[in-house]
Each structure stands twice: as structure tokens, then as C-alpha cells.
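Participant: One structure, as C-alpha cells, below. Some questions next.
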Amino acid sequence: MTNTAFLGRLGEFELAANGIAGIYYLVMYMVAYGLNNGLQVLIARRAGQLNTTGIGQLFSNGIQLGLASSFLVIALTLFLAPWFFSQTLHNQHIYEAALSFIRIRIWGLPFLMLLSMANAFYIGSGHSKVLAVTSLCQEMVNIFSDYVLIFGKLGLPAMGLNGAAVASVLAEGTGLFVAYAILFGKSYHKKYLLFTYLKPSWPIMRSILTISAPLIVQFLFSIGSWFIFFIFIEHLGERPLAISNMLRSIFGFFGVFTWSLAATCNTMVSNVIGQGKSELVFKAIRKIVVISLICAITVCILVNLFPHTILQIYTTDKPLIAEAIPSVRIITLSTILMAVSGVVLSAVTGTGNTRINLGIEFAAVIGYLLYCSIVVEQWRSPLYIAWLADFFYWTIIFVLCFLYLRSGRWKAKSI
């Protein structure tokens with residue numbers, strides 16, 4: 001949201017290029033996010049079992065897996081991104097700007113990967129308050145760096161779009177430093193034996209990958225389909241892409257409520273199963289869904305009452321704002337659907353049967369891409385119609401997750 005807000009002051013082109021580059025980086029981040037979720041499930045299960053040694057073994061091996069995968073993703077990006085962007089983007093200027101941005105931005109991935117591993121520990125072990133501190137420090141650095149690097153303040157050169165990339169890398173490095181400073185400062189590393197088992201253990205890594213690999217593929221499918229959606233939008237023109245980047249930022253910011261509650265559901269489901277109290281799983285899911293719905297409905301009302309005010313965070317271009325409002329109203333409605341489906345999907349993750357997650361995601365992505373290819377790419381429908389694709393996606397997710405959880409097949413899963 002910070003990058004988009006600052007870049008919106010430069011113009012539509014910067015918003016459009018940032019939309020493509022930002023989504024690409026999000027796709028690459030899904031490797032870290034999948035490992036994060038898998039590690040979180042396992043740590044929460046060990047916490048429920050009061051197994052401190054198991055937590056330490058998981059954390060140490062998770063860090064090693066995270067670093068190795070981040071450098072692999074960097075190498076793939078540097079070699080393959082130029083070819084991929086050249087084959088999919090129609091606007092040569094957007095192609096050049098997005099590529100320049102991502103070549104800087106991708107170097108933040110090792111920082112983000114290590115931060116994700118720390119976050120998995122904090123959430124899985126029940127110390128999630130630390131995340132508020134790391135996020136606040138990240139955001140302060142991001143805002144300051146965006147201001148001085150994008151516009152060239154305090155004697156620094158005006159870097160424009162690339163300034164946002166550098167600012168993001170600096171922010172991720174800050175988050176990493178703060179997260180691990182707290183880890184050592186509060187002696188969590190001693191209490192949970194976090195760095196006692198630094199020698200790689202293939203059985204531990206295999207257990208992490210068994211849970212995480214389907215999640216990584218699942219998230220790659222999920223955000224990858226969103227990336228394809230943005231490529232289709234780029235084919236509609238620079239303005240629809242600029243508007244979609246603002247919508248992505250709004251959707252992402254207000255989706256924080258849902259995803260934080262989804263992470264909570266993931267952890268709580270795994271923890272109570274670890275305690276041998278499977279009968280509490282549905283009770284936990286229902287309570288979290290209700291809180292998530294209340295948050296989403298509140299957000300939906302506020303955004304629909306004050307759409308101009310929110311869009312002015314990103315741009316002062318009145319025609320651009322007016323054109324964006326119908327799509328804003330659509331995404332607020334899909335946010336309500338996401339508030340339920342996102343939490344229920346994380347509940348499935350918490351059961352540990354992540355292959356089911358992958359199957360559910362695959363079915364939802366197929367439906368989503370069919371809608372996008374017909375309605376957006378072939379029919380060239382208005383932007384607000386294009387964003388209705390989210391309704392298909394989240395409806396499929398909810399139906400399949402509900403059927404799986406109600407079946408009770410997850411009760412026999414051991415991790």
C-alpha cells in the first residue's frame with residue numbers, strides 16, 4: 001500500500017508498472033509463504049504437544065530450507081523474468097520499467113524468507129504480538145525510504161519506480177533485524193532450542209517439505225492466476241492496469257484482517273488437534289469466521305461510504321478515481337466472501353492434510369482462469385466485470401473446504 005500510494009503521485013504509468021512487478025514479486029514470495037504456513041502448522045502441533053525440542057529442530061531446518069529456496073528463486077528470476085515479461089506484456093515501456101524494478105526488488109527475498117521463518121515461530125508458539133513490532137518498524141522504514149528515494153529528498157537522486165524497490169528491500173531487512181533481535185533479546189532461542197540443531201536433518205526437512213510443498217504449489221497457483229489476471233488487464237491498456245494496482249492495494253490492505261484471522265485459525269486448529277481435542281475444531285472455526293465477517297462487513301461499509309477518500313491516497317486524478325469506483329464496490333463485496341472462505345481454507349491447512357489444500361486450490365484456479373480468459377481476454381469486458389472473477393474463486397474454495405471438513409477425513413491425519 002505504501003509503495004502504491006507514493007508511486008501514484010508520479011502518474012498512471014508508474015502505477016501500472018508497479019502493478020505488474022509487484023504481483024510478480026508476490027508470486028515469488030509464495031515460496032516463502034508456503035514454507036511459513038507449513039512450518040507454522042508443525043510448530044503449533046509441537047506446541048500443543050509441549051515438545052520444545054521438536055520446535056527447535058523445525059526452526060533450524062526451516063531457516064536452511066528458506067535460504068536455499070530464496071537464492072534459487074533469485075537465480076530463476078534473473079534468468080527467466082526478461083523472457084517471460086517480453087512474451088506476455090504488450091507495452092514496451094511497462095516491460096522495461098517492471099523488469100528494472102524486479103531486478104532490484106528480488107534481492108529482498110532472502111530477508112523476507114528469514115523473516116517469514118521467524119514469524120512462523122512466533123505465530124505457531126503463541127507469541128504473535130511480536131509481529132506488530134516488526135511490522136511497525138518495517139513500515140516506518142518503508143515510508144521514509146519511499147519518500148526520500150522516489151522523489152529524491154535529502155540530497156538523494158530521484159529514483160522513481162526503482163526507489164520503491166530499494167525502499168522495500170530496506171524495509172524487509174529492517175523487519176528481519178527486529179524479529180531476530182527480539183528472538184535473542186527475550187531468550188526465545190534458549191527456551192525453544194532454536195539454534196541448537198543447526199546440522200541439517202533430512203528427516204526434519206522432509207517433514208517440513210511434506211507439509212509445505214503442497215502449500216507452495218497451492219499459493220503459486222493462487223497468486224500465479226492473479227498475475228495472469230493482471231497480464232490480461234495490461235492488454236486492456238495502461239489505465240485499467242493502473243486502476244487494478246490501486247484495487248490490489250486496497251484489497252490487500254483490508255484483507256489483512258482476514259489473513260491474520262486465517263493464520264490464527266491455522267494455528268488454533270493444529271494446536272487443538274495436537275492436544276487431542278479434535279471436537280473443538282469446528283467451534284474454533286465458527287468463532288474465527290464470525291470475527292472475520294464482522295471485520296469484513298465493517299470495511300465494506302466504510303469503503304463504500306468513502307471511496308473517493310480512500311482512492312485519493314493513491315492519486316489526485318479525478319477521472320481516474322471516478323473510473324475506479326465501480327470496481328472498488330465489487331472488491332468490497334468479494335472481501336466479505338473472502339472473509340469466510342480464507343479462514344475455512346486455513347482451517348484445512350491446520351489439519352495438516354495440505355494435499356487437500358492443493359486440490360481445492362487447483363479446482364478454484366481453473367474456474368478463475370476460465371472466467372478471466374473468456375470475460376477479460378476474449379470479451380474485453382469493463383474492469384468491474386473483470387474483478388467479478390474473485391467471486392467464482394472464493395465460492396469454489398468455500399464449497400470444497402466445507403465438504404472436506406464436514407467429511408471428518410482430517411481426523412486420521414498425523415504429522
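Please note that chains go A, B, ... in the order of the C-alpha cells, that every chain numbers its residues from 1, and that ligands are numbered from 1 in the order shown.
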What's the 6 Å shell around segment 343-351 of chain A, counting only C-alpha atoms, without same-chain residues fewer than 2 positions away, as number ranges by chain?
Facilitator: A: 41, 262, 265-266, 269-270, 340-341, 353-354
Participant: Run DSSP on the backbone and give me the residues of segment 129-204 of chain A it puts in helix (DSSP H, G or I), as a PyMOL selection string.
Facilitator: chain A and resi 129-151+161-185+188-191+202-204
Participant: Would you mind reading off the distance between atom CA of Gly352 of chain A and atom CA of Gly367 of chain A, one decimal, in Å?
Facilitator: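 Distance reported for this atom pair: 25.0 Å.
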Participant: Check the smallest atom-to-atom distance from each of A:Leu131, A:Met159, A:Val73, A:Val303 to Tyr29 of chain A using only C-alpha atoms, then report the winner.
Facilitator: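 For Tyr29 of chain A, the nearest of the candidates is A:Val73.
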Participant: Find, counting only C-alpha atoms, the residue in A:Leu39, A:Met205, A:Met246, A:Met268 that gets nearest to Glu323 of chain A.
Facilitator: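 The shortest atom-to-atom distance to Glu323 of chain A comes from A:Met246.
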Participant: Counting only C-alpha atoms, which residues of segment 225-321 of chain A fall within 8 Å of segment 12-18 of chain A, and what is the closest atom pair for each with its distance in Å at one decimal, ordered by chain and rising number, as JSON lines?
Facilitator:
{"residue": "A:Glu238", "atom": "CA", "partner": "A:Ala16", "partner_atom": "CA", "distance": 6.1}
{"residue": "A:Arg239", "atom": "CA", "partner": "A:Glu12", "partner_atom": "CA", "distance": 6.5}
{"residue": "A:Leu241", "atom": "CA", "partner": "A:Ala16", "partner_atom": "CA", "distance": 5.0}
{"residue": "A:Ala242", "atom": "CA", "partner": "A:Ala16", "partner_atom": "CA", "distance": 4.1}
{"residue": "A:Ile243", "atom": "CA", "partner": "A:Ala16", "partner_atom": "CA", "distance": 7.8}
{"residue": "A:Asn245", "atom": "CA", "partner": "A:Leu15", "partner_atom": "CA", "distance": 6.3}
{"residue": "A:Met246", "atom": "CA", "partner": "A:Leu15", "partner_atom": "CA", "distance": 7.6}
Participant: Sort by chain and increasing residue number a table of all residues of segment 85-201 of chain A within 12 Å of segment 55-66 of chain A, each with its closest pair of atoms and their distance in Å to one decimal, counting only C-alpha atoms, and write it as a Markdown table.
Facilitator:
| residue | atom | partner | partner_atom | distance |
| --- | --- | --- | --- | --- |
| A:Leu109 | CA | A:Gly66 | CA | 9.7 |
| A:Pro110 | CA | A:Gly66 | CA | 7.7 |
| A:Phe111 | CA | A:Gly66 | CA | 9.9 |
| A:Leu112 | CA | A:Gly66 | CA | 9.5 |
| A:Met113 | CA | A:Gly66 | CA | 5.7 |
| A:Leu114 | CA | A:Ile63 | CA | 6.3 |
| A:Leu115 | CA | A:Ile63 | CA | 9.4 |
| A:Ser116 | CA | A:Gly66 | CA | 8.7 |
| A:Met117 | CA | A:Ile63 | CA | 6.3 |
| A:Ala118 | CA | A:Phe59 | CA | 8.1 |
| A:Asn119 | CA | A:Phe59 | CA | 10.6 |
| A:Ala120 | CA | A:Phe59 | CA | 8.6 |
| A:Phe121 | CA | A:Phe59 | CA | 7.1 |
| A:Tyr122 | CA | A:Phe59 | CA | 10.7 |
| A:Gly124 | CA | A:Ile55 | CA | 9.2 |
| A:Ser125 | CA | A:Ile55 | CA | 8.5 |
| A:Tyr188 | CA | A:Gly56 | CA | 10.1 |
| A:His189 | CA | A:Gly56 | CA | 8.2 |
| A:Lys190 | CA | A:Gly56 | CA | 9.3 |
| A:Lys191 | CA | A:Gly56 | CA | 9.1 |
| A:Tyr192 | CA | A:Gly56 | CA | 5.5 |
| A:Leu193 | CA | A:Gly56 | CA | 4.7 |
| A:Leu194 | CA | A:Gly56 | CA | 4.1 |
| A:Phe195 | CA | A:Ser60 | CA | 5.8 |
| A:Thr196 | CA | A:Gly56 | CA | 6.9 |
| A:Tyr197 | CA | A:Gln57 | CA | 5.6 |
| A:Leu198 | CA | A:Ser60 | CA | 5.6 |
| A:Lys199 | CA | A:Asn61 | CA | 8.0 |
| A:Pro200 | CA | A:Asn61 | CA | 6.1 |
| A:Ser201 | CA | A:Asn61 | CA | 6.9 |
Participant: Please report the interatomic distance between atom CA of Leu261 of chain A and atom CA of Asn37 of chain A in Å with one decimal.
Facilitator: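 These two atoms are separated by 13.4 Å.
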Participant: Quick one: everything within 10 Å of Ile233 of chain A, counting only C-alpha atoms, minus sequence neighbours fewer than 2 positions away in the same chain. Send it as a list of chain:residue names.
Facilitator: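 So, after excluding close chain neighbours, the residues are A:Ala16, A:Ile20, A:Phe227, A:Ile228, A:Phe229, A:Phe230, A:Ile231, A:His235, A:Leu236, A:Gly237, A:Glu238, A:Arg239, A:Pro240, A:Leu241, A:Ala242, A:Ile243, A:Ser244, A:Cys372, A:Val376, A:Glu377, A:Arg380, A:Leu383, A:Ala386.
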Participant: Please dump the current selection as a PDB file, in the first residue's frame; keep C-alpha atoms.
Facilitator:
ATOM      1  CA  ALA A  16       0.684   0.348 -13.982  1.00  0.00           C
ATOM      2  CA  ILE A  20       2.840  -5.989 -12.837  1.00  0.00           C
ATOM      3  CA  PHE A 227      -0.626 -12.492 -12.084  1.00  0.00           C
ATOM      4  CA  ILE A 228      -2.210 -13.847 -15.278  1.00  0.00           C
ATOM      5  CA  PHE A 229      -5.284 -11.749 -14.495  1.00  0.00           C
ATOM      6  CA  PHE A 230      -3.064  -8.632 -14.326  1.00  0.00           C
ATOM      7  CA  ILE A 231      -1.405  -9.566 -17.625  1.00  0.00           C
ATOM      8  CA  HIS A 235      -3.744  -5.954 -22.555  1.00  0.00           C
ATOM      9  CA  LEU A 236      -6.743  -3.679 -21.925  1.00  0.00           C
ATOM     10  CA  GLY A 237      -4.469  -0.641 -21.534  1.00  0.00           C
ATOM     11  CA  GLU A 238      -2.396   1.417 -19.128  1.00  0.00           C
ATOM     12  CA  ARG A 239      -5.327   2.993 -17.275  1.00  0.00           C
ATOM     13  CA  PRO A 240      -7.135  -0.273 -16.380  1.00  0.00           C
ATOM     14  CA  LEU A 241      -3.792  -1.635 -15.149  1.00  0.00           C
ATOM     15  CA  ALA A 242      -3.181   1.489 -13.036  1.00  0.00           C
ATOM     16  CA  ILE A 243      -6.668   1.204 -11.522  1.00  0.00           C
ATOM     17  CA  SER A 244      -6.171  -2.511 -10.865  1.00  0.00           C
ATOM     18  CA  CYS A 372     -10.631 -14.441 -16.902  1.00  0.00           C
ATOM     19  CA  VAL A 376     -11.427 -10.369 -19.734  1.00  0.00           C
ATOM     20  CA  GLU A 377      -9.192 -11.563 -22.577  1.00  0.00           C
ATOM     21  CA  ARG A 380     -12.729  -7.329 -23.196  1.00  0.00           C
ATOM     22  CA  LEU A 383     -12.925  -3.570 -15.478  1.00  0.00           C
ATOM     23  CA  ALA A 386     -13.337  -8.464 -14.777  1.00  0.00           C
TER      24      ALA A 386
END
